[in-house]
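Visitor: For reference, the file data08.cif (mmCIF, C-alpha atoms) is included below:
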```cif
data_coords
loop_
_atom_site.label_atom_id
_atom_site.label_comp_id
_atom_site.auth_asym_id
_atom_site.auth_seq_id
_atom_site.Cartn_x
_atom_site.Cartn_y
_atom_site.Cartn_z
CA MET X 22 39.06 -0.21 84.33
CA ASP X 23 41.06 -2.42 82.01
CA PHE X 24 41.34 -1.01 78.49
CA ASN X 25 43.12 -3.94 76.80
CA LEU X 26 41.08 -6.02 74.35
CA LYS X 27 43.79 -6.83 71.83
CA ILE X 28 43.70 -3.05 71.46
CA HIS X 29 46.67 -0.79 70.98
CA TYR X 30 46.78 2.88 71.98
CA LEU X 31 47.52 5.22 69.10
CA TYR X 32 47.53 8.94 69.94
CA GLY X 33 44.62 8.61 72.32
CA THR X 34 42.54 6.41 70.01
CA LEU X 35 42.13 2.65 70.08
CA ALA X 36 43.33 0.39 67.28
CA MET X 37 41.32 -2.81 67.32
CA LEU X 38 41.91 -6.12 65.60
CA LEU X 39 38.26 -6.47 64.73
CA MET X 40 36.37 -9.59 65.55
CA ALA X 41 32.75 -10.34 66.32
CA ALA X 42 31.94 -8.59 69.57
CA CYS X 43 29.75 -11.42 70.74
CA THR X 44 29.08 -15.00 69.82
CA ILE X 45 25.39 -14.75 70.71
CA ASP X 46 23.04 -12.17 69.23
CA ALA X 47 22.06 -9.90 72.12
CA TYR X 48 18.75 -9.14 70.48
CA ASP X 49 17.76 -12.64 69.40
CA LYS X 50 14.19 -13.08 70.65
CA GLY X 51 13.66 -16.57 69.22
CA GLU X 52 13.17 -19.84 71.03
CA GLY X 53 16.66 -21.17 70.49
CA GLU X 54 19.27 -22.37 72.95
CA TYR X 55 19.95 -18.88 74.26
CA SER X 56 16.43 -17.41 74.18
CA LEU X 57 15.95 -17.72 77.95
CA LEU X 58 19.19 -15.96 78.83
CA THR X 59 19.46 -12.43 80.18
CA ALA X 60 21.99 -10.17 78.45
CA GLU X 61 23.33 -7.10 80.25
CA MET X 62 26.29 -4.77 79.94
CA ALA X 63 28.29 -4.94 83.16
CA ASP X 64 31.50 -4.10 85.00
CA ILE X 65 33.43 -7.28 85.79
CA THR X 66 35.97 -7.33 88.62
CA VAL X 67 38.46 -10.19 88.67
CA GLY X 68 40.89 -11.34 91.34
CA SER X 69 44.55 -12.26 91.05
CA ASP X 70 43.55 -15.65 89.59
CA LYS X 71 41.61 -13.85 86.77
CA TYR X 72 38.30 -15.30 87.95
CA THR X 73 35.31 -13.03 88.56
CA THR X 74 34.80 -11.68 92.04
CA SER X 75 32.05 -9.19 91.20
CA VAL X 76 29.61 -8.55 88.36
CA VAL X 77 27.62 -5.28 88.53
CA THR X 78 25.19 -4.71 85.68
CA ASP X 79 24.20 -1.38 84.15
CA LEU X 80 20.95 -1.73 86.09
CA GLY X 81 23.03 -1.30 89.25
CA GLU X 82 22.45 -4.90 90.31
CA GLN X 83 25.22 -7.17 91.57
CA LEU X 84 24.96 -10.74 90.34
CA HIS X 85 25.45 -13.48 92.92
CA LEU X 86 27.26 -16.12 90.91
CA THR X 87 26.88 -19.88 91.32
CA LYS X 88 30.61 -20.21 90.61
CA PRO X 89 33.50 -17.99 89.53
CA TYR X 90 33.89 -17.44 85.79
CA THR X 91 36.78 -16.57 83.50
CA VAL X 92 37.49 -16.28 79.77
CA LYS X 93 40.72 -16.18 77.78
CA TRP X 94 40.62 -12.43 77.15
CA MET X 95 40.88 -11.77 80.88
CA GLU X 96 44.64 -11.58 80.65
CA LYS X 97 45.23 -9.42 83.73
CA GLY X 98 44.23 -10.08 87.33
CA ASP X 99 43.11 -7.66 90.02
CA THR X 100 41.35 -5.34 87.59
CA THR X 101 37.94 -4.45 86.17
CA TYR X 102 36.72 -5.26 82.68
CA ARG X 103 33.70 -4.11 80.72
CA ALA X 104 31.64 -6.88 79.15
CA LEU X 105 28.33 -7.97 77.70
CA VAL X 106 27.24 -10.79 80.02
CA TYR X 107 24.82 -13.58 79.21
CA TYR X 108 23.48 -15.38 82.25
CA LYS X 109 20.69 -17.54 83.64
CA LEU X 110 18.74 -16.40 86.68
CA LEU X 111 18.12 -19.34 89.01
CA ASN X 112 15.40 -19.90 91.60
CA ASP X 113 17.67 -19.12 94.55
CA ARG X 114 18.31 -15.63 93.07
CA LYS X 115 21.76 -16.65 91.95
CA ALA X 116 23.12 -16.24 88.44
CA GLU X 117 24.93 -18.71 86.22
CA ILE X 118 27.12 -17.00 83.62
CA VAL X 119 26.99 -18.64 80.21
CA SER X 120 29.10 -16.25 78.15
CA MET X 121 30.95 -12.92 78.30
CA SER X 122 31.98 -10.72 75.39
CA LYS X 123 34.48 -7.96 76.02
CA VAL X 124 33.37 -4.37 75.43
CA GLY X 125 35.83 -1.68 74.35
CA VAL X 126 36.02 1.37 76.62
CA LEU X 127 36.70 4.59 74.69
CA VAL X 128 37.76 7.65 76.66
CA PRO X 129 37.34 10.91 74.67
CA HIS X 130 40.63 12.60 73.79
CA GLU X 131 41.67 15.69 71.92
CA LEU X 132 43.89 15.30 68.88
CA LYS X 133 47.46 15.96 69.90
CA GLU X 134 48.68 19.27 68.59
CA LYS X 135 52.00 20.80 67.69
CA ASP X 136 52.31 24.52 66.95
CA GLY X 137 48.53 24.80 67.13
CA LYS X 138 47.85 22.12 64.51
CA PRO X 139 46.79 18.49 64.99
CA GLN X 140 49.65 16.01 64.66
CA GLU X 141 47.29 13.44 63.20
CA ALA X 142 44.44 13.73 60.75
CA MET X 143 40.90 13.15 61.97
CA LYS X 144 39.58 9.98 60.36
CA THR X 145 35.84 9.51 59.96
CA ASP X 146 35.50 6.48 57.71
CA PRO X 147 31.85 5.39 57.83
CA VAL X 148 30.32 2.74 60.09
CA TYR X 149 26.82 1.47 60.72
CA VAL X 150 25.25 2.51 64.04
CA GLU X 151 22.73 0.01 65.36
CA SER X 152 22.03 1.69 68.70
CA ILE X 153 23.24 4.32 71.17
CA TRP X 154 21.91 4.36 74.73
CA MET X 155 22.75 5.55 78.21
CA SER X 156 23.16 2.93 80.90
CA LYS X 157 20.48 2.87 83.59
CA ASN X 158 23.06 3.78 86.22
CA LYS X 159 24.22 6.73 84.08
CA LYS X 160 27.83 5.57 84.20
CA TYR X 161 28.24 4.96 80.47
CA VAL X 162 26.97 5.78 77.04
CA ASN X 163 26.92 2.48 75.14
CA MET X 164 27.09 1.99 71.39
CA ARG X 165 26.52 -1.00 69.16
CA LEU X 166 28.35 -0.52 65.88
CA ARG X 167 28.56 -2.63 62.77
CA LEU X 168 31.90 -2.34 61.00
CA LEU X 169 32.77 -3.69 57.58
CA THR X 170 35.91 -5.79 57.37
CA GLY X 171 37.53 -8.65 55.51
CA THR X 172 40.68 -10.70 55.15
CA SER X 173 43.68 -8.72 53.95
CA GLU X 174 47.13 -9.90 52.88
CA ASP X 175 48.53 -6.83 54.62
CA GLU X 176 49.14 -7.74 58.28
CA LYS X 177 49.27 -4.04 59.11
CA ALA X 178 45.70 -3.49 57.90
CA VAL X 179 44.09 -2.76 61.27
CA GLN X 180 41.00 -0.65 61.86
CA THR X 181 41.30 2.12 64.40
CA VAL X 182 38.37 3.28 66.53
CA GLY X 183 38.39 6.07 69.11
CA MET X 184 36.52 9.05 70.52
CA ILE X 185 37.77 12.58 69.82
CA ARG X 186 36.59 15.69 71.64
CA ASP X 187 35.78 18.43 69.12
CA LYS X 188 37.00 21.62 70.78
CA ALA X 189 35.40 23.83 68.13
CA ASN X 190 31.89 22.58 68.94
CA SER X 191 32.38 22.03 72.68
CA SER X 192 31.81 24.58 75.43
CA SER X 193 31.92 24.79 79.21
CA ASP X 194 28.46 23.20 79.45
CA HIS X 195 28.42 21.00 76.32
CA ASP X 196 30.81 18.23 75.28
CA TYR X 197 30.82 17.39 71.57
CA ILE X 198 32.67 14.19 70.67
CA MET X 199 33.13 12.41 67.37
CA LEU X 200 33.82 8.79 66.52
CA TYR X 201 37.30 8.42 65.08
CA HIS X 202 37.36 5.56 62.61
CA ASP X 203 40.19 4.65 60.26
CA GLN X 204 39.35 1.70 58.00
CA GLY X 205 43.09 1.08 57.91
CA GLY X 206 43.13 -0.58 54.51
CA GLN X 207 40.86 -3.44 55.52
CA PRO X 208 38.43 -4.65 52.82
CA GLU X 209 34.71 -4.04 53.36
CA TYR X 210 33.41 -7.51 52.54
CA TYR X 211 31.34 -8.41 55.58
CA SER X 212 30.21 -6.87 58.85
CA THR X 213 31.27 -7.47 62.43
CA THR X 214 29.55 -6.14 65.54
CA ALA X 215 31.46 -4.04 68.05
CA PHE X 216 30.13 -2.87 71.42
CA ILE X 217 31.81 0.15 72.98
CA SER X 218 31.22 2.16 76.15
CA ILE X 219 32.09 5.79 76.87
CA PRO X 220 32.58 6.43 80.61
CA LEU X 221 30.53 9.45 81.64
CA ASP X 222 32.91 10.34 84.45
CA GLU X 223 35.18 11.54 81.63
CA VAL X 224 32.48 13.97 80.49
CA LYS X 225 32.66 17.20 82.50
CA THR X 226 29.43 18.82 81.31
CA ASP X 227 25.69 18.21 81.66
CA THR X 228 25.15 17.82 77.91
CA LEU X 229 26.86 15.42 75.54
CA THR X 230 26.60 15.19 71.77
CA ILE X 231 28.01 12.17 69.96
CA ALA X 232 28.63 12.48 66.21
CA VAL X 233 29.27 9.49 63.96
CA ASN X 234 29.86 9.38 60.22
CA THR X 235 27.69 6.55 58.92
CA TYR X 236 27.13 5.06 55.48
CA ASP X 237 23.86 7.03 55.49
CA GLY X 238 25.47 10.35 56.47
CA LEU X 239 26.28 12.14 59.72
CA LEU X 240 24.39 10.89 62.78
CA THR X 241 24.27 12.97 65.98
CA ARG X 242 22.79 12.03 69.32
CA THR X 243 22.51 14.53 72.18
CA MET X 244 22.03 13.55 75.83
CA VAL X 245 21.22 16.02 78.60
CA ASP X 246 21.17 16.07 82.41
CA LEU X 247 24.12 13.72 82.68
#
```
Show me, as structure tokens, the structure contained in the file I just sent.
Guide:
Amino acid sequence: MDFNLKIHYLYGTLAMLLMAACTIDAYDKGEGEYSLLTAEMADITVGSDKYTTSVVTDLGEQLHLTKPYTVKWMEKGDTTYRALVYYKLLNDRKAEIVSMSKVGVLVPHELKEKDGKPQEAMKTDPVYVESIWMSKNKKYVNMRLRLLTGTSEDEKAVQTVGMIRDKANSSSDHDYIMLYHDQGGQPEYYSTTAFISIPLDEVKTDTLTIAVNTYDGLLTRTMVDL
């Protein structure tokens, strides 16, 4: 799985130059230009030429494409990306891709320690959580977040998002992870949508709790029988 989306690794978290996660509202039910499209989270495999060779949705269905597809953020060939895919289903059971928006993949990490103490502080600056759901194929937990951002004169003002495993609240049969979010000095003028996926093959227990500090307080979501 490719983890690069203009994202930089920082101590097991992901620092993201925030931008709108998608150019089309995934939940727009109107009668506009995109109202007849299907939108699905999917794993996208690309060949050496950076064009799609396989699209497998979270429903476990492989799309048979009318033609290969690529976008600028597919910077590396022979790899797999995570994306929100908008496509048209045609009469011959083929699919025509209209748009892809890259999804960040966050692997839970523990804060690095030295002499028994974390080397970095846990950051839990608030976000808005619009939805949390498990994929139909049970490969991912997906999240749709709304982050506040704005233009800053400081080029180093970059928000950092990650997933941290809380050892104190975890056990041999229960993983407890928290959203790491550092506002990074960015203003909070307007919101941008970010889709992220947590791969469940990185969760070693049957029960998972996700904790997120929101503008309305702490939100927890527990999932069982993973």
Visitor: Taking all atoms listed in the file into account, name the residue in X:Val148, X:Ala142, X:Met164, X:Leu58 that is nearest to Ser120 (chain X).
Guide: X:Leu58
Visitor: What gap, in Å, lies between CA of Pro220 (chain X) and CA of Val106 (chain X)?
Guide: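 Result for CA of Pro220 (chain X) versus CA of Val106 (chain X): 18.0 Å, one decimal.
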Visitor: Using all atoms listed in the file, find the one residue out of X:Ser156, X:Thr243, X:Gln180, X:Ser218 that sits nearest to Gly205 (chain X).
Guide: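 Comparing X:Ser156, X:Thr243, X:Gln180, X:Ser218 against Gly205 (chain X), the winner is X:Gln180.
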Visitor: Taking into account all atoms listed in the file, which residue in the set X:Ile217, X:Thr87, X:Thr226, X:Gln207 is nearest to Met155 (chain X)?
Guide: X:Ile217
Visitor: Mind telling me what the PyMOL selection byres ((chain X and resi 199) around 6) catches here, as a list in words?
Guide: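 Taken over the shown coordinates, the PyMOL selection byres ((chain X and resi 199) around 6) returns Met184, Ile185, Ile198, Leu200, Ile231, Ala232 and Val233 of chain X.
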Visitor: So which residues touch region 150-152 of chain X within 10 Å, counting all atoms listed in the file, skipping near sequence neighbours fewer than 3 positions away, as a list in words?
Guide: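 What passes the distance filter is Pro147, Asn163, Met164, Arg165, Leu166, Arg167, Leu168, Thr214, Ala215, Phe216, Val233, Asn234, Thr235, Tyr236, Asp237 and Leu240 of chain X.
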Visitor: Can you measure CA of Ile118 (chain X) to CA of Tyr149 (chain X) for me? One decimal in Å is fine.
Guide: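 Those two atoms sit 29.4 Å apart.
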